[in-house]
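Engineer: File work_16.pdb follows (PDB, C-alpha atoms, pLDDT in the B column):
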```pdb
ATOM      1  CA  GLU A   1     -12.962  16.178  17.146  1.00 84.00           C
ATOM      2  CA  ALA A   2     -13.400  16.344  13.363  1.00 90.00           C
ATOM      3  CA  LEU A   3     -11.717  19.754  13.392  1.00 92.00           C
ATOM      4  CA  GLN A   4      -8.665  18.292  15.137  1.00 92.00           C
ATOM      5  CA  HIS A   5      -8.305  15.638  12.436  1.00 94.00           C
ATOM      6  CA  ILE A   6      -8.715  18.238   9.696  1.00 93.00           C
ATOM      7  CA  ASN A   7      -6.093  20.547  11.193  1.00 94.00           C
ATOM      8  CA  LYS A   8      -3.634  17.638  11.485  1.00 93.00           C
ATOM      9  CA  ILE A   9      -4.203  16.682   7.854  1.00 92.00           C
ATOM     10  CA  LYS A  10      -3.785  20.307   6.725  1.00 93.00           C
ATOM     11  CA  ASP A  11      -0.481  20.588   8.609  1.00 93.00           C
ATOM     12  CA  MET A  12       0.662  17.251   7.193  1.00 91.00           C
ATOM     13  CA  LYS A  13      -0.168  18.358   3.669  1.00 92.00           C
ATOM     14  CA  LYS A  14       1.796  21.611   4.075  1.00 91.00           C
ATOM     15  CA  GLU A  15       4.847  19.743   5.390  1.00 90.00           C
ATOM     16  CA  LEU A  16       4.768  17.260   2.509  1.00 89.00           C
ATOM     17  CA  ILE A  17       4.469  20.017  -0.092  1.00 90.00           C
ATOM     18  CA  MET A  18       7.445  21.863   1.403  1.00 87.00           C
ATOM     19  CA  MET A  19       9.510  18.672   1.565  1.00 85.00           C
ATOM     20  CA  GLN A  20       8.672  17.688  -2.016  1.00 83.00           C
ATOM     21  CA  ASN A  21       9.706  21.119  -3.268  1.00 81.00           C
ATOM     22  CA  ILE A  22      13.202  21.008  -1.771  1.00 83.00           C
ATOM     23  CA  PRO A  23      15.591  20.909  -4.755  1.00 84.00           C
ATOM     24  CA  ILE A  24      18.006  18.019  -5.177  1.00 83.00           C
ATOM     25  CA  SER A  25      21.277  18.902  -3.493  1.00 81.00           C
ATOM     26  CA  SER A  26      24.691  18.431  -5.071  1.00 86.00           C
ATOM     27  CA  ASP A  27      25.971  17.577  -1.597  1.00 87.00           C
ATOM     28  CA  PRO A  28      25.428  13.810  -1.066  1.00 87.00           C
ATOM     29  CA  ASN A  29      25.148  14.230   2.711  1.00 89.00           C
ATOM     30  CA  VAL A  30      22.506  16.939   2.425  1.00 88.00           C
ATOM     31  CA  GLN A  31      20.590  14.931  -0.159  1.00 86.00           C
ATOM     32  CA  GLU A  32      20.692  11.817   2.015  1.00 88.00           C
ATOM     33  CA  ALA A  33      19.375  13.819   4.972  1.00 89.00           C
ATOM     34  CA  ASN A  34      16.563  15.245   2.830  1.00 85.00           C
ATOM     35  CA  GLU A  35      15.552  11.775   1.640  1.00 86.00           C
ATOM     36  CA  LYS A  36      15.509  10.446   5.214  1.00 89.00           C
ATOM     37  CA  ASN A  37      13.354  13.373   6.314  1.00 88.00           C
ATOM     38  CA  LEU A  38      10.928  12.690   3.474  1.00 87.00           C
ATOM     39  CA  GLN A  39      10.747   9.024   4.447  1.00 89.00           C
ATOM     40  CA  MET A  40       9.962   9.962   8.046  1.00 91.00           C
ATOM     41  CA  LEU A  41       7.370  12.482   6.917  1.00 90.00           C
ATOM     42  CA  THR A  42       5.805   9.914   4.578  1.00 91.00           C
ATOM     43  CA  SER A  43       5.484   7.439   7.445  1.00 93.00           C
ATOM     44  CA  LYS A  44       3.932  10.147   9.617  1.00 93.00           C
ATOM     45  CA  ALA A  45       1.465  11.051   6.868  1.00 93.00           C
ATOM     46  CA  GLU A  46       0.535   7.379   6.431  1.00 94.00           C
ATOM     47  CA  ASN A  47      -0.293   7.178  10.144  1.00 95.00           C
ATOM     48  CA  ARG A  48      -2.276  10.429  10.137  1.00 94.00           C
ATOM     49  CA  THR A  49      -4.373   9.455   7.128  1.00 95.00           C
ATOM     50  CA  ALA A  50      -4.921   5.977   8.608  1.00 96.00           C
ATOM     51  CA  GLN A  51      -6.229   7.598  11.798  1.00 95.00           C
ATOM     52  CA  LEU A  52      -8.641   9.734   9.787  1.00 95.00           C
ATOM     53  CA  LYS A  53      -9.833   6.702   7.817  1.00 96.00           C
ATOM     54  CA  ALA A  54     -10.458   4.817  11.048  1.00 95.00           C
ATOM     55  CA  ALA A  55     -12.339   7.759  12.554  1.00 95.00           C
ATOM     56  CA  LEU A  56     -14.603   8.130   9.513  1.00 94.00           C
ATOM     57  CA  SER A  57     -15.418   4.423   9.518  1.00 93.00           C
ATOM     58  CA  THR A  58     -15.954   3.918  13.253  1.00 92.00           C
ATOM     59  CA  LYS A  59     -17.119   7.235  14.760  1.00 90.00           C
ATOM     60  CA  PRO A  60     -20.832   8.120  15.031  1.00 88.00           C
ATOM     61  CA  THR A  61     -22.535   9.757  12.040  1.00 89.00           C
ATOM     62  CA  GLU A  62     -22.114  13.174  13.663  1.00 92.00           C
ATOM     63  CA  PHE A  63     -18.360  12.941  13.090  1.00 94.00           C
ATOM     64  CA  SER A  64     -18.818  12.465   9.328  1.00 92.00           C
ATOM     65  CA  ILE A  65     -21.324  15.325   9.188  1.00 93.00           C
ATOM     66  CA  ASP A  66     -18.908  17.638  11.005  1.00 94.00           C
ATOM     67  CA  PHE A  67     -16.083  16.506   8.725  1.00 94.00           C
ATOM     68  CA  ILE A  68     -18.168  17.256   5.641  1.00 94.00           C
ATOM     69  CA  ASN A  69     -19.327  20.646   6.946  1.00 93.00           C
ATOM     70  CA  LEU A  70     -15.713  21.580   7.652  1.00 94.00           C
ATOM     71  CA  GLN A  71     -14.867  20.944   3.972  1.00 93.00           C
ATOM     72  CA  GLY A  72     -13.147  17.664   4.700  1.00 94.00           C
ATOM     73  CA  PHE A  73     -13.849  16.118   1.289  1.00 94.00           C
ATOM     74  CA  PRO A  74     -12.206  18.960  -0.691  1.00 94.00           C
ATOM     75  CA  LEU A  75      -9.252  18.649   1.711  1.00 95.00           C
ATOM     76  CA  ILE A  76      -8.911  14.945   0.869  1.00 96.00           C
ATOM     77  CA  LEU A  77      -8.991  15.795  -2.844  1.00 95.00           C
ATOM     78  CA  SER A  78      -6.398  18.560  -2.509  1.00 95.00           C
ATOM     79  CA  PHE A  79      -4.167  16.193  -0.516  1.00 95.00           C
ATOM     80  CA  LEU A  80      -4.395  13.645  -3.332  1.00 95.00           C
ATOM     81  CA  GLN A  81      -3.480  16.336  -5.855  1.00 94.00           C
ATOM     82  CA  CYS A  82      -0.410  17.468  -3.926  1.00 92.00           C
ATOM     83  CA  LEU A  83       1.209  14.013  -3.909  1.00 92.00           C
ATOM     84  CA  ASN A  84       4.128  13.617  -6.284  1.00 91.00           C
ATOM     85  CA  GLU A  85       4.570  10.554  -8.488  1.00 90.00           C
ATOM     86  CA  ASN A  86       6.339   8.531  -5.786  1.00 90.00           C
ATOM     87  CA  LEU A  87       3.964   9.406  -2.951  1.00 92.00           C
ATOM     88  CA  ARG A  88       0.995   8.460  -5.123  1.00 94.00           C
ATOM     89  CA  GLU A  89       2.152   4.847  -4.804  1.00 94.00           C
ATOM     90  CA  THR A  90       2.185   4.878  -0.984  1.00 94.00           C
ATOM     91  CA  ARG A  91      -0.336   4.090   1.744  1.00 95.00           C
ATOM     92  CA  ILE A  92      -1.092   7.814   1.985  1.00 95.00           C
ATOM     93  CA  HIS A  93      -2.988   7.502  -1.295  1.00 96.00           C
ATOM     94  CA  LEU A  94      -4.619   4.243  -0.227  1.00 96.00           C
ATOM     95  CA  ASN A  95      -5.746   5.738   3.091  1.00 96.00           C
ATOM     96  CA  LEU A  96      -7.204   8.827   1.420  1.00 97.00           C
ATOM     97  CA  LEU A  97      -9.253   6.606  -0.884  1.00 96.00           C
ATOM     98  CA  GLY A  98     -10.315   4.690   2.216  1.00 96.00           C
ATOM     99  CA  CYS A  99     -11.577   7.961   3.686  1.00 96.00           C
ATOM    100  CA  ILE A 100     -13.667   8.548   0.570  1.00 95.00           C
ATOM    101  CA  LYS A 101     -15.013   5.003   0.802  1.00 94.00           C
ATOM    102  CA  SER A 102     -16.092   5.641   4.398  1.00 94.00           C
ATOM    103  CA  LEU A 103     -17.864   8.837   3.341  1.00 94.00           C
ATOM    104  CA  LEU A 104     -19.695   6.918   0.614  1.00 92.00           C
ATOM    105  CA  ASN A 105     -21.021   4.558   3.287  1.00 90.00           C
ATOM    106  CA  ASP A 106     -22.834   7.509   4.874  1.00 88.00           C
ATOM    107  CA  LYS A 107     -25.916   9.050   3.229  1.00 88.00           C
ATOM    108  CA  ASP A 108     -24.729  12.620   3.852  1.00 89.00           C
ATOM    109  CA  GLY A 109     -21.281  11.702   2.583  1.00 90.00           C
ATOM    110  CA  ARG A 110     -22.723  10.185  -0.598  1.00 90.00           C
ATOM    111  CA  ARG A 111     -24.797  13.270  -1.249  1.00 91.00           C
ATOM    112  CA  HIS A 112     -21.805  15.549  -0.710  1.00 91.00           C
ATOM    113  CA  ILE A 113     -19.487  13.542  -2.963  1.00 91.00           C
ATOM    114  CA  LEU A 114     -22.042  13.366  -5.762  1.00 91.00           C
ATOM    115  CA  SER A 115     -22.640  17.106  -5.556  1.00 91.00           C
ATOM    116  CA  HIS A 116     -18.934  17.940  -5.893  1.00 92.00           C
ATOM    117  CA  PRO A 117     -18.268  19.235  -9.429  1.00 89.00           C
ATOM    118  CA  ASN A 118     -15.037  17.333 -10.089  1.00 89.00           C
ATOM    119  CA  GLY A 119     -14.369  15.023  -7.131  1.00 91.00           C
ATOM    120  CA  LEU A 120     -14.648  11.817  -9.149  1.00 90.00           C
ATOM    121  CA  LEU A 121     -12.553  13.275 -11.957  1.00 91.00           C
ATOM    122  CA  ILE A 122      -9.718  13.939  -9.492  1.00 92.00           C
ATOM    123  CA  VAL A 123      -9.933  10.403  -8.113  1.00 92.00           C
ATOM    124  CA  VAL A 124      -9.951   8.890 -11.621  1.00 92.00           C
ATOM    125  CA  SER A 125      -7.087  11.002 -12.971  1.00 92.00           C
ATOM    126  CA  ILE A 126      -4.809  10.382  -9.971  1.00 94.00           C
ATOM    127  CA  SER A 127      -5.680   6.818  -8.940  1.00 94.00           C
ATOM    128  CA  LEU A 128      -6.229   4.856 -12.166  1.00 92.00           C
ATOM    129  CA  PRO A 129      -2.704   5.419 -13.600  1.00 91.00           C
ATOM    130  CA  CYS A 130      -1.023   4.133 -10.407  1.00 92.00           C
ATOM    131  CA  ALA A 131       1.180   1.052 -10.549  1.00 91.00           C
ATOM    132  CA  ASN A 132       0.096   0.043  -7.034  1.00 93.00           C
ATOM    133  CA  LEU A 133      -2.646  -2.522  -7.663  1.00 94.00           C
ATOM    134  CA  LYS A 134      -4.214  -2.001  -4.233  1.00 95.00           C
ATOM    135  CA  ILE A 135      -4.823   1.638  -5.149  1.00 95.00           C
ATOM    136  CA  LYS A 136      -6.259   0.716  -8.556  1.00 94.00           C
ATOM    137  CA  ILE A 137      -8.569  -1.843  -6.949  1.00 95.00           C
ATOM    138  CA  LEU A 138      -9.939   0.544  -4.329  1.00 95.00           C
ATOM    139  CA  ALA A 139     -10.390   3.368  -6.865  1.00 95.00           C
ATOM    140  CA  ILE A 140     -12.351   1.118  -9.237  1.00 94.00           C
ATOM    141  CA  GLU A 141     -14.379  -0.223  -6.311  1.00 93.00           C
ATOM    142  CA  LEU A 142     -15.352   3.357  -5.453  1.00 93.00           C
ATOM    143  CA  LEU A 143     -16.354   4.080  -9.045  1.00 92.00           C
ATOM    144  CA  ALA A 144     -18.414   0.880  -9.211  1.00 91.00           C
ATOM    145  CA  GLY A 145     -20.270   1.854  -6.059  1.00 89.00           C
ATOM    146  CA  VAL A 146     -20.945   5.407  -7.211  1.00 90.00           C
ATOM    147  CA  ALA A 147     -22.162   4.182 -10.618  1.00 88.00           C
ATOM    148  CA  LEU A 148     -25.074   2.411  -8.916  1.00 86.00           C
ATOM    149  CA  LEU A 149     -26.192   5.482  -6.956  1.00 87.00           C
ATOM    150  CA  PRO A 150     -28.929   7.804  -8.246  1.00 86.00           C
ATOM    151  CA  GLY A 151     -27.116  10.312 -10.450  1.00 87.00           C
ATOM    152  CA  GLY A 152     -23.829   8.487  -9.996  1.00 89.00           C
ATOM    153  CA  HIS A 153     -23.778   6.703 -13.357  1.00 90.00           C
ATOM    154  CA  LYS A 154     -23.567   9.955 -15.292  1.00 90.00           C
ATOM    155  CA  LYS A 155     -20.950  11.342 -12.886  1.00 91.00           C
ATOM    156  CA  VAL A 156     -18.698   8.319 -13.389  1.00 92.00           C
ATOM    157  CA  LEU A 157     -19.027   8.352 -17.177  1.00 91.00           C
ATOM    158  CA  THR A 158     -18.303  12.093 -17.269  1.00 91.00           C
ATOM    159  CA  ALA A 159     -15.139  11.592 -15.195  1.00 91.00           C
ATOM    160  CA  LEU A 160     -14.017   8.739 -17.465  1.00 91.00           C
ATOM    161  CA  THR A 161     -14.654  10.874 -20.554  1.00 91.00           C
ATOM    162  CA  TYR A 162     -12.428  13.660 -19.228  1.00 90.00           C
ATOM    163  CA  PHE A 163      -9.788  11.065 -18.356  1.00 88.00           C
ATOM    164  CA  GLN A 164     -10.013   9.602 -21.860  1.00 90.00           C
ATOM    165  CA  ASP A 165      -9.605  13.006 -23.499  1.00 90.00           C
ATOM    166  CA  ALA A 166      -6.738  14.061 -21.226  1.00 86.00           C
ATOM    167  CA  ASN A 167      -4.800  10.851 -21.918  1.00 84.00           C
ATOM    168  CA  LYS A 168      -5.860  10.567 -25.570  1.00 87.00           C
ATOM    169  CA  ASP A 169      -7.166   7.050 -24.977  1.00 84.00           C
ATOM    170  CA  ARG A 170      -9.264   5.393 -27.679  1.00 87.00           C
ATOM    171  CA  SER A 171     -12.249   4.922 -25.386  1.00 86.00           C
ATOM    172  CA  ARG A 172     -13.374   5.525 -21.821  1.00 88.00           C
ATOM    173  CA  PHE A 173     -12.574   1.910 -20.976  1.00 89.00           C
ATOM    174  CA  THR A 174      -9.186   1.565 -22.683  1.00 89.00           C
ATOM    175  CA  ARG A 175      -7.274   1.466 -19.369  1.00 87.00           C
ATOM    176  CA  PHE A 176      -9.595  -1.153 -17.908  1.00 91.00           C
ATOM    177  CA  ILE A 177      -9.401  -3.421 -20.967  1.00 89.00           C
ATOM    178  CA  SER A 178      -5.620  -3.022 -20.987  1.00 89.00           C
ATOM    179  CA  ASP A 179      -5.411  -4.093 -17.335  1.00 89.00           C
ATOM    180  CA  LEU A 180      -7.652  -7.091 -18.037  1.00 91.00           C
ATOM    181  CA  ASP A 181      -5.252  -8.158 -20.784  1.00 89.00           C
ATOM    182  CA  HIS A 182      -2.114  -7.391 -18.777  1.00 87.00           C
ATOM    183  CA  SER A 183      -0.171  -9.779 -16.542  1.00 87.00           C
ATOM    184  CA  PHE A 184       1.231  -8.648 -13.182  1.00 85.00           C
ATOM    185  CA  PRO A 185       3.753 -11.395 -12.285  1.00 78.00           C
ATOM    186  CA  ASN A 186       4.924  -9.611  -9.143  1.00 79.00           C
ATOM    187  CA  SER A 187       1.421  -9.348  -7.732  1.00 80.00           C
ATOM    188  CA  LEU A 188      -0.587 -12.397  -8.744  1.00 78.00           C
ATOM    189  CA  THR A 189      -3.030 -12.224  -5.807  1.00 81.00           C
ATOM    190  CA  HIS A 190      -3.882  -8.601  -6.446  1.00 91.00           C
ATOM    191  CA  GLU A 191      -3.981  -9.226 -10.200  1.00 92.00           C
ATOM    192  CA  LEU A 192      -6.941 -11.569  -9.774  1.00 91.00           C
ATOM    193  CA  GLU A 193      -8.658  -9.105  -7.456  1.00 93.00           C
ATOM    194  CA  LEU A 194      -8.046  -6.249  -9.904  1.00 94.00           C
ATOM    195  CA  LYS A 195      -9.488  -8.125 -12.870  1.00 94.00           C
ATOM    196  CA  THR A 196     -12.491  -9.217 -10.820  1.00 93.00           C
ATOM    197  CA  ILE A 197     -13.277  -5.665  -9.687  1.00 94.00           C
ATOM    198  CA  ILE A 198     -12.871  -4.370 -13.267  1.00 94.00           C
ATOM    199  CA  LEU A 199     -15.510  -6.845 -14.450  1.00 93.00           C
ATOM    200  CA  CYS A 200     -17.755  -5.841 -11.530  1.00 90.00           C
ATOM    201  CA  PHE A 201     -17.257  -2.199 -12.471  1.00 92.00           C
ATOM    202  CA  ILE A 202     -18.188  -2.790 -16.107  1.00 89.00           C
ATOM    203  CA  ASN A 203     -21.258  -4.669 -14.888  1.00 87.00           C
ATOM    204  CA  SER A 204     -22.242  -1.779 -12.614  1.00 85.00           C
ATOM    205  CA  ILE A 205     -21.875   0.662 -15.501  1.00 87.00           C
ATOM    206  CA  MET A 206     -24.151  -1.512 -17.626  1.00 82.00           C
ATOM    207  CA  LYS A 207     -26.696  -1.819 -14.834  1.00 74.00           C
ATOM    208  CA  GLY A 208     -26.516   1.904 -14.135  1.00 66.00           C
ATOM    209  CA  GLY A 209     -27.109   2.658 -17.800  1.00 55.00           C
ATOM    210  CA  LEU A 210     -30.156   0.430 -17.873  1.00 48.00           C
ATOM    211  CA  ALA A 211     -31.512   2.067 -14.716  1.00 45.00           C
ATOM    212  CA  ALA A 212     -31.041   5.506 -16.240  1.00 49.00           C
ATOM    213  CA  THR A 213     -33.121   4.603 -19.281  1.00 44.00           C
ATOM    214  CA  THR A 214     -35.989   2.927 -17.445  1.00 39.00           C
TER     215      THR A 214
END
```
Kindly transcribe the structure held in the file into structure tokens.

Structural biologist:
Amino acid sequence: EALQHINKIKDMKKELIMMQNIPISSDPNVQEANEKNLQMLTSKAENRTAQLKAALSTKPTEFSIDFINLQGFPLILSFLQCLNENLRETRIHLNLLGCIKSLLNDKDGRRHILSHPNGLLIVVSISLPCANLKIKILAIELLAGVALLPGGHKKVLTALTYFQDANKDRSRFTRFISDLDHSFPNSLTHELELKTIILCFINSIMKGGLAATT
């Protein structure tokens, strides 16, 4: 069953890549048709990734183990990386993060994610810059959880360091402090949730650091 989900996600990813790479047409009718097709494909991808998220969170442990053994986590990461700027703000992104969250709730999934050389770096670099606050919240929640796992604190700090260097930020926590200081008038409910999870994340980093030195 895990293989069926993986094959569907692979096919979905290929279709999205092809659709994203279609050049803008000078013919308004052709361009309109292309945009409608992309919208339909986006909706289809949202449903497919939601189905995978549900399966990972509700199926027996054997499903997650099969998914991991079939290289499901690298597939999730590569799917995240193939999303263009617009698709990174959709439920596709949110569902893929939800899949990672479900894997982190499983001991084999946690071990696999922590052993991946750059999995957290990919999540940080793609998810933290998003304007969609729901995506930011879930990404930071994942980082906070990983930071409290054995070996996770160092992994999170390493990913944040790479992110800092790539974006030429002043510190590893520049983005978080900026979001704490920023107002989001169009999303007041999620603004409070975002700022709360940022404070929880900073707390988990502090606790993880103390655990690493004791």

Engineer: For CA of Ile126 (chain A) and CA of Glu191 (chain A), quote the distance in Å rounded to one decimal.

Structural biologist: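 These atoms are spaced 19.6 Å apart.
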
Engineer: Report as a ChimeraX atom specification the residues that result from applying the PyMOL selection byres ((chain A and resi 96-106) around 8) to the structure here.

Structural biologist: /A:49,52-53,56-57,61,64,73,76,80,92-95,107-110,113,135,138-139,142

Engineer: Go through the shown structure with the PyMOL selection byres ((chain A and resi 141) around 9) and write out the matching residues as a PyMOL selection string.

Structural biologist: chain A and resi 101+136-140+142-146+197-198+200-201

Engineer: Check what the PyMOL selection byres ((chain A and resi 205) around 9) selects in the file above and give those residues as a PyMOL selection string.

Structural biologist: chain A and resi 144+147-148+153+156-157+200-204+206-210

Engineer: Can you sort out the box for region 6-16 of chain A, edges along x, y and z, all listed atoms in, 6 Å on every side, with centre and edge lengths in Å to one decimal, as lines of an AutoDock Vina configuration file?

Structural biologist:
```
center_x = -1.9
center_y = 19.1
center_z = 7.0
size_x = 25.6
size_y = 16.9
size_z = 21.0
```

Engineer: Taking 4 positions as the minimum chain separation for residues in the same chain, which residues sit within 12 Å of Lys44 (chain A) when counting all atoms listed in the file? Answer as a short mmCIF file (atom, residue, chain, number, x, y, z; two decimals) with C-alpha atoms, keeping the file's coordinate frame.

Structural biologist:
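Result saved to part22.cif:
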```cif
data_model
loop_
_atom_site.label_atom_id
_atom_site.label_comp_id
_atom_site.auth_asym_id
_atom_site.auth_seq_id
_atom_site.Cartn_x
_atom_site.Cartn_y
_atom_site.Cartn_z
CA LYS A 8 -3.63 17.64 11.48
CA ILE A 9 -4.20 16.68 7.85
CA ASP A 11 -0.48 20.59 8.61
CA MET A 12 0.66 17.25 7.19
CA LYS A 13 -0.17 18.36 3.67
CA GLU A 15 4.85 19.74 5.39
CA LEU A 16 4.77 17.26 2.51
CA ASN A 37 13.35 13.37 6.31
CA LEU A 38 10.93 12.69 3.47
CA GLN A 39 10.75 9.02 4.45
CA MET A 40 9.96 9.96 8.05
CA ARG A 48 -2.28 10.43 10.14
CA THR A 49 -4.37 9.46 7.13
CA ALA A 50 -4.92 5.98 8.61
CA GLN A 51 -6.23 7.60 11.80
CA THR A 90 2.18 4.88 -0.98
CA ARG A 91 -0.34 4.09 1.74
CA ILE A 92 -1.09 7.81 1.98
#
```

Engineer: Counting all atoms listed in the file, which of A:Ala33, A:Leu160, A:Phe184, A:Ala45 gets nearest to Phe79 (chain A)?

Structural biologist: A:Ala45

Engineer: Please report the interatomic distance between CA of His5 (chain A) and CA of Leu77 (chain A) in Å with one decimal.

Structural biologist: 15.3 Å

Engineer: Could you tell me how far CA of Phe176 (chain A) sits from CA of Leu194 (chain A), in Å to one decimal place?

Structural biologist: 9.6 Å

Engineer: Can you tell me, as a PyMOL selection string, what residues are no more than 10 Å from Ser25 (chain A) when counting only C-alpha atoms, ignoring any on the same chain fewer than 6 positions away?

Structural biologist: chain A and resi 31-32+34

Engineer: Between A:Pro28, A:Pro129, A:Ile65, A:His190, which has the minimum distance to Asn167 (chain A) (counting all atoms listed in the file)?

Structural biologist: A:Pro129

Engineer: Closest to Ser43 (chain A) among A:Leu133, A:Ala159, A:Leu87, A:Leu120, using all atoms listed in the file?

Structural biologist: A:Leu87
